[in-house]
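Below: one structure, written as structure tokens.
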Amino acid sequence: MNAPRSIGSARAGLGEWYIQRITSIYLAGFTIYLVLRLWLDPLPDYVAWRSWFAQGPVRLAWGLFIASLLVHAWIGLRSVFMDYLRPAALRFVASLLVGFGLLALGLWAAQILFASNT
Amino acid sequence: MEKNKTRPVFLNLLQIRLPIGGVVSILHRATGVLLVLTLPWLLYGLQQSLSGPAEYAAIMARLTTLPARVLMLVLLWMFAQHFFSGIRHLLLDLDLGMEKHAARRLAWLTLAASALVLVLAGIAL
């Protein structure tokens, strides 16, 4: 057998690689912001915590954080599955479950953020 | 491409000694997978903390118990290790720290940084 295997879509891998880096930069930046924010100006009780979340920009920043986190988790878990899970059927089922699981977490997070706007 | 069926394969995981860069790389993966598994609980905690004063107080009370503190420290260490080894990956992408000794120092540095975060958090908690 000398026929080459399909090399698939040449762009797909690079795209994932890139998205993993872009999301990581937002995740790291937001983490640093969060640590500094809570350290320099702590939110000591429910009222302070809740009114911080009631601000639009704060919820937007959290929303971007959670979205980046879920995308980052998806690409990361997919590459772990592709390296260690055999046969392909097992990989498919694991990706399916993780994909829907992360999507569900995203919808749940959106619900939490929309509900805390007052 | 014909596979060489007689090529030597050495995969005894107990005898393979990974260089420190390999250890940190595996740690990045392991902490990443474990951190994803904690997401449902973190999201539940966020939801409860924002749903009302009583729920907020209940979550806070649960977080001050000893098992919760230990779990939080483990979680924080995993996050810090993933954070620093992630920065290591970004630096390697930029061709920084590629030389053998610099690469080993960088890998050790991620372990030292996450250990420092663990100590500081241990004092604060």
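Just remember, in the structure tokens the first chain shown is A, the second B, etc., residues are 1-based per chain, and ligands are 1-based in the order shown.
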
Using only C-alpha atoms, what does the table of chain B residues within 10 Å of chain A look like, with each row giving the shortest atom pair and its distance in Å to one decimal, sorted by chain and ascending number, as CSV?
residue,atom,partner,partner_atom,distance
B:Met1,CA,A:Asn2,CA,5.3
B:Glu2,CA,A:Met1,CA,6.9
B:Lys3,CA,A:Met1,CA,9.9
B:Arg29,CA,A:Val80,CA,7.5
B:Ala30,CA,A:Val80,CA,9.4
B:Gly32,CA,A:Gly76,CA,7.5
B:Val33,CA,A:Leu77,CA,6.7
B:Leu35,CA,A:Ala73,CA,9.0
B:Val36,CA,A:Ala73,CA,6.6
B:Leu39,CA,A:Leu105,CA,8.0
B:Pro40,CA,A:Leu105,CA,7.0
B:Leu43,CA,A:Ala109,CA,6.9
B:Tyr44,CA,A:Trp108,CA,9.3
B:Leu46,CA,A:Ile112,CA,8.0
B:Gln47,CA,A:Ile112,CA,5.9
B:Gln48,CA,A:Ile112,CA,9.4
B:Ser49,CA,A:Tyr46,CA,7.7
B:Leu50,CA,A:Arg50,CA,6.1
B:Ser51,CA,A:Ser116,CA,8.0
B:Gly52,CA,A:Tyr46,CA,7.7
B:Pro53,CA,A:Tyr46,CA,5.9
B:Ala54,CA,A:Tyr46,CA,9.2
B:Glu55,CA,A:Tyr46,CA,9.5
B:Tyr56,CA,A:Tyr46,CA,6.4
B:Ala57,CA,A:Tyr46,CA,8.0
B:Met60,CA,A:Asp45,CA,9.8
B:Phe83,CA,A:Ala28,CA,7.0
B:Phe84,CA,A:Ala28,CA,9.5
B:Gly86,CA,A:Ser24,CA,7.7
B:Ile87,CA,A:Ala28,CA,8.6
B:His89,CA,A:Arg21,CA,9.2
B:Leu90,CA,A:Arg21,CA,7.4
B:Asp93,CA,A:Arg21,CA,9.5

Just the selected residues (N, CA and C atoms), exported as a JSON list (two decimals), in the first residue's frame, please.
[["chain", "number", "residue", "atom", "x", "y", "z"],
["B", 1, "MET", "N", 2.95, 4.16, 2.56],
["B", 1, "MET", "CA", 4.13, 4.03, 3.43],
["B", 1, "MET", "C", 4.05, 2.70, 4.17],
["B", 2, "GLU", "N", 5.04, 1.86, 3.97],
["B", 2, "GLU", "CA", 5.06, 0.55, 4.63],
["B", 2, "GLU", "C", 5.58, 0.72, 6.06],
["B", 3, "LYS", "N", 4.84, 0.11, 7.00],
["B", 3, "LYS", "CA", 5.29, 0.23, 8.39],
["B", 3, "LYS", "C", 6.33, -0.82, 8.69],
["B", 29, "ARG", "N", -1.83, 19.25, 30.35],
["B", 29, "ARG", "CA", -2.98, 18.49, 29.86],
["B", 29, "ARG", "C", -3.83, 17.97, 31.01],
["B", 30, "ALA", "N", -3.17, 17.36, 32.00],
["B", 30, "ALA", "CA", -3.91, 16.75, 33.10],
["B", 30, "ALA", "C", -4.71, 17.80, 33.87],
["B", 32, "GLY", "N", -5.67, 20.66, 32.75],
["B", 32, "GLY", "CA", -6.71, 21.17, 31.85],
["B", 32, "GLY", "C", -7.95, 20.31, 31.89],
["B", 33, "VAL", "N", -7.75, 18.98, 31.77],
["B", 33, "VAL", "CA", -8.90, 18.06, 31.78],
["B", 33, "VAL", "C", -9.62, 18.12, 33.12],
["B", 35, "LEU", "N", -9.67, 20.56, 35.31],
["B", 35, "LEU", "CA", -10.34, 21.84, 35.50],
["B", 35, "LEU", "C", -11.69, 21.88, 34.78],
["B", 36, "VAL", "N", -11.76, 21.27, 33.59],
["B", 36, "VAL", "CA", -13.04, 21.25, 32.86],
["B", 36, "VAL", "C", -14.09, 20.50, 33.69],
["B", 39, "LEU", "N", -16.08, 22.57, 36.16],
["B", 39, "LEU", "CA", -16.91, 23.69, 35.68],
["B", 39, "LEU", "C", -18.37, 23.64, 36.16],
["B", 40, "PRO", "N", -19.05, 22.47, 36.10],
["B", 40, "PRO", "CA", -20.45, 22.47, 36.54],
["B", 40, "PRO", "C", -20.61, 22.94, 38.00],
["B", 43, "LEU", "N", -20.03, 26.75, 38.22],
["B", 43, "LEU", "CA", -21.17, 27.48, 37.66],
["B", 43, "LEU", "C", -22.35, 27.44, 38.63],
["B", 44, "TYR", "N", -22.54, 26.27, 39.26],
["B", 44, "TYR", "CA", -23.59, 26.14, 40.27],
["B", 44, "TYR", "C", -23.33, 27.11, 41.42],
["B", 46, "LEU", "N", -21.61, 29.91, 41.32],
["B", 46, "LEU", "CA", -21.84, 31.27, 40.84],
["B", 46, "LEU", "C", -23.34, 31.59, 40.85],
["B", 47, "GLN", "N", -24.14, 30.64, 40.36],
["B", 47, "GLN", "CA", -25.58, 30.85, 40.30],
["B", 47, "GLN", "C", -26.16, 31.05, 41.71],
["B", 48, "GLN", "N", -25.77, 30.17, 42.63],
["B", 48, "GLN", "CA", -26.28, 30.27, 44.00],
["B", 48, "GLN", "C", -25.87, 31.60, 44.64],
["B", 49, "SER", "N", -24.59, 31.99, 44.42],
["B", 49, "SER", "CA", -24.09, 33.20, 45.07],
["B", 49, "SER", "C", -24.81, 34.45, 44.59],
["B", 50, "LEU", "N", -25.42, 34.36, 43.39],
["B", 50, "LEU", "CA", -26.11, 35.54, 42.85],
["B", 50, "LEU", "C", -27.62, 35.47, 43.04],
["B", 51, "SER", "N", -28.14, 34.34, 43.57],
["B", 51, "SER", "CA", -29.61, 34.23, 43.62],
["B", 51, "SER", "C", -30.26, 34.87, 44.84],
["B", 52, "GLY", "N", -29.53, 35.17, 45.88],
["B", 52, "GLY", "CA", -30.16, 35.83, 47.01],
["B", 52, "GLY", "C", -29.25, 35.82, 48.22],
["B", 53, "PRO", "N", -29.53, 36.66, 49.22],
["B", 53, "PRO", "CA", -28.66, 36.74, 50.41],
["B", 53, "PRO", "C", -28.54, 35.40, 51.13],
["B", 54, "ALA", "N", -29.64, 34.64, 51.22],
["B", 54, "ALA", "CA", -29.61, 33.36, 51.95],
["B", 54, "ALA", "C", -28.72, 32.35, 51.23],
["B", 55, "GLU", "N", -28.90, 32.27, 49.87],
["B", 55, "GLU", "CA", -28.08, 31.34, 49.09],
["B", 55, "GLU", "C", -26.61, 31.74, 49.14],
["B", 56, "TYR", "N", -26.37, 33.05, 49.09],
["B", 56, "TYR", "CA", -24.99, 33.57, 49.16],
["B", 56, "TYR", "C", -24.35, 33.14, 50.48],
["B", 57, "ALA", "N", -25.10, 33.32, 51.57],
["B", 57, "ALA", "CA", -24.57, 32.96, 52.89],
["B", 57, "ALA", "C", -24.32, 31.46, 52.99],
["B", 60, "MET", "N", -21.15, 30.62, 51.09],
["B", 60, "MET", "CA", -19.98, 31.10, 51.83],
["B", 60, "MET", "C", -19.68, 30.21, 53.04],
["B", 83, "PHE", "N", -2.19, 27.90, 34.14],
["B", 83, "PHE", "CA", -1.95, 29.30, 33.75],
["B", 83, "PHE", "C", -0.47, 29.49, 33.38],
["B", 84, "PHE", "N", 0.43, 29.06, 34.27],
["B", 84, "PHE", "CA", 1.86, 29.31, 34.02],
["B", 84, "PHE", "C", 2.41, 28.41, 32.90],
["B", 86, "GLY", "N", 0.68, 27.37, 30.51],
["B", 86, "GLY", "CA", 0.09, 27.95, 29.30],
["B", 86, "GLY", "C", 0.92, 29.12, 28.80],
["B", 87, "ILE", "N", 1.38, 29.97, 29.73],
["B", 87, "ILE", "CA", 2.24, 31.08, 29.34],
["B", 87, "ILE", "C", 3.55, 30.55, 28.76],
["B", 89, "HIS", "N", 3.80, 27.81, 27.04],
["B", 89, "HIS", "CA", 3.50, 27.43, 25.66],
["B", 89, "HIS", "C", 3.50, 28.64, 24.73],
["B", 90, "LEU", "N", 2.92, 29.74, 25.23],
["B", 90, "LEU", "CA", 2.88, 30.95, 24.40],
["B", 90, "LEU", "C", 4.29, 31.47, 24.12],
["B", 93, "ASP", "N", 5.87, 29.32, 21.58],
["B", 93, "ASP", "CA", 5.34, 29.65, 20.26],
["B", 93, "ASP", "C", 6.09, 30.83, 19.65]]

Please list as a PyMOL selection string every residue within 12 Å of segment 74-76 of chain B, counting only C-alpha atoms and excluding residues in the same chain fewer than 2 positions away. (chain A and resi 31) or (chain B and resi 31-32+34-39+41-42+67-72+78-83+114-122+125)

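With only C-alpha atoms as the atoms that count, the minimum distance from Ile19 of chain A to the choices A:Asn117, A:Leu96, A:Leu90, A:Val71 is reached by A:Val71.
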
Smallest atom-to-atom distance to Leu111 of chain B: which of B:Leu11, B:Ile16, B:Lys5, B:Ser25, using only C-alpha atoms?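 Of B:Leu11, B:Ile16, B:Lys5, B:Ser25, the one nearest Leu111 of chain B is B:Ser25, counting only C-alpha atoms.
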
Members of chain B assigned helix (DSSP H, G or I) by DSSP, as a CSV table (one decimal) with C-alpha atoms, in the first residue's frame:
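File written: part-v5.csv
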chain,number,residue,atom,x,y,z
B,20,ILE,CA,11.2,18.3,33.0
B,21,GLY,CA,9.6,19.9,29.9
B,22,GLY,CA,7.7,16.7,29.2
B,23,VAL,CA,6.5,16.5,32.8
B,24,VAL,CA,5.2,20.1,32.7
B,25,SER,CA,3.6,19.5,29.3
B,26,ILE,CA,1.7,16.4,30.7
B,27,LEU,CA,0.7,18.5,33.8
B,28,HIS,CA,-0.7,21.1,31.5
B,29,ARG,CA,-3.0,18.5,29.9
B,30,ALA,CA,-3.9,16.7,33.1
B,31,THR,CA,-4.8,20.0,34.9
B,32,GLY,CA,-6.7,21.2,31.9
B,33,VAL,CA,-8.9,18.1,31.8
B,34,LEU,CA,-9.5,18.1,35.5
B,35,LEU,CA,-10.3,21.8,35.5
B,36,VAL,CA,-13.0,21.2,32.9
B,37,LEU,CA,-14.6,18.6,35.1
B,38,THR,CA,-15.0,21.2,37.9
B,39,LEU,CA,-16.9,23.7,35.7
B,40,PRO,CA,-20.4,22.5,36.5
B,41,TRP,CA,-19.8,23.0,40.3
B,42,LEU,CA,-18.2,26.4,39.8
B,43,LEU,CA,-21.2,27.5,37.7
B,44,TYR,CA,-23.6,26.1,40.3
B,45,GLY,CA,-21.7,28.1,42.9
B,46,LEU,CA,-21.8,31.3,40.8
B,47,GLN,CA,-25.6,30.9,40.3
B,48,GLN,CA,-26.3,30.3,44.0
B,49,SER,CA,-24.1,33.2,45.1
B,50,LEU,CA,-26.1,35.5,42.9
B,51,SER,CA,-29.6,34.2,43.6
B,53,PRO,CA,-28.7,36.7,50.4
B,54,ALA,CA,-29.6,33.4,51.9
B,55,GLU,CA,-28.1,31.3,49.1
B,56,TYR,CA,-25.0,33.6,49.2
B,57,ALA,CA,-24.6,33.0,52.9
B,58,ALA,CA,-25.1,29.2,52.4
B,59,ILE,CA,-22.4,29.0,49.7
B,60,MET,CA,-20.0,31.1,51.8
B,61,ALA,CA,-20.6,28.9,54.9
B,62,ARG,CA,-19.9,25.8,52.8
B,63,LEU,CA,-16.6,27.3,51.4
B,66,LEU,CA,-12.0,22.3,56.0
B,67,PRO,CA,-12.7,19.9,53.0
B,68,ALA,CA,-13.9,22.9,50.9
B,69,ARG,CA,-10.7,24.8,51.8
B,70,VAL,CA,-8.5,21.8,50.8
B,71,LEU,CA,-10.4,21.4,47.5
B,72,MET,CA,-10.1,25.1,46.8
B,73,LEU,CA,-6.4,25.0,47.3
B,74,VAL,CA,-6.1,22.0,45.0
B,75,LEU,CA,-8.2,23.7,42.4
B,76,LEU,CA,-6.2,26.9,42.7
B,77,TRP,CA,-2.9,25.0,42.3
B,78,MET,CA,-4.3,23.3,39.2
B,79,PHE,CA,-5.4,26.6,37.8
B,80,ALA,CA,-2.1,28.3,38.6
B,81,GLN,CA,-0.1,25.4,37.0
B,82,HIS,CA,-2.2,25.5,33.9
B,83,PHE,CA,-2.0,29.3,33.8
B,84,PHE,CA,1.9,29.3,34.0
B,85,SER,CA,2.5,26.3,31.8
B,86,GLY,CA,0.1,28.0,29.3
B,87,ILE,CA,2.2,31.1,29.3
B,88,ARG,CA,5.2,28.8,28.8
B,89,HIS,CA,3.5,27.4,25.7
B,90,LEU,CA,2.9,31.0,24.4
B,91,LEU,CA,6.5,31.9,25.0
B,92,LEU,CA,7.7,28.7,23.1
B,93,ASP,CA,5.3,29.7,20.3
B,100,LYS,CA,17.9,23.4,26.1
B,101,HIS,CA,18.9,25.0,29.4
B,102,ALA,CA,16.6,27.9,29.0
B,103,ALA,CA,13.7,25.5,28.2
B,104,ARG,CA,14.4,23.5,31.3
B,105,ARG,CA,14.6,26.6,33.5
B,106,LEU,CA,11.3,27.8,32.0
B,107,ALA,CA,9.7,24.5,32.8
B,108,TRP,CA,11.0,24.5,36.4
B,109,LEU,CA,9.9,28.1,36.7
B,110,THR,CA,6.2,27.2,36.0
B,111,LEU,CA,6.3,24.6,38.9
B,112,ALA,CA,7.9,27.2,41.2
B,113,ALA,CA,5.3,29.9,40.3
B,114,SER,CA,2.3,27.6,40.9
B,115,ALA,CA,3.9,26.4,44.2
B,116,LEU,CA,4.3,30.0,45.2
B,117,VAL,CA,0.6,30.7,44.4
B,118,LEU,CA,-0.3,27.6,46.5
B,119,VAL,CA,1.7,28.9,49.5
B,120,LEU,CA,0.3,32.4,49.3
B,121,ALA,CA,-3.3,31.1,49.0
B,122,GLY,CA,-2.6,28.7,51.9
B,123,ILE,CA,-1.7,31.7,54.0
B,124,ALA,CA,-4.6,33.7,52.9
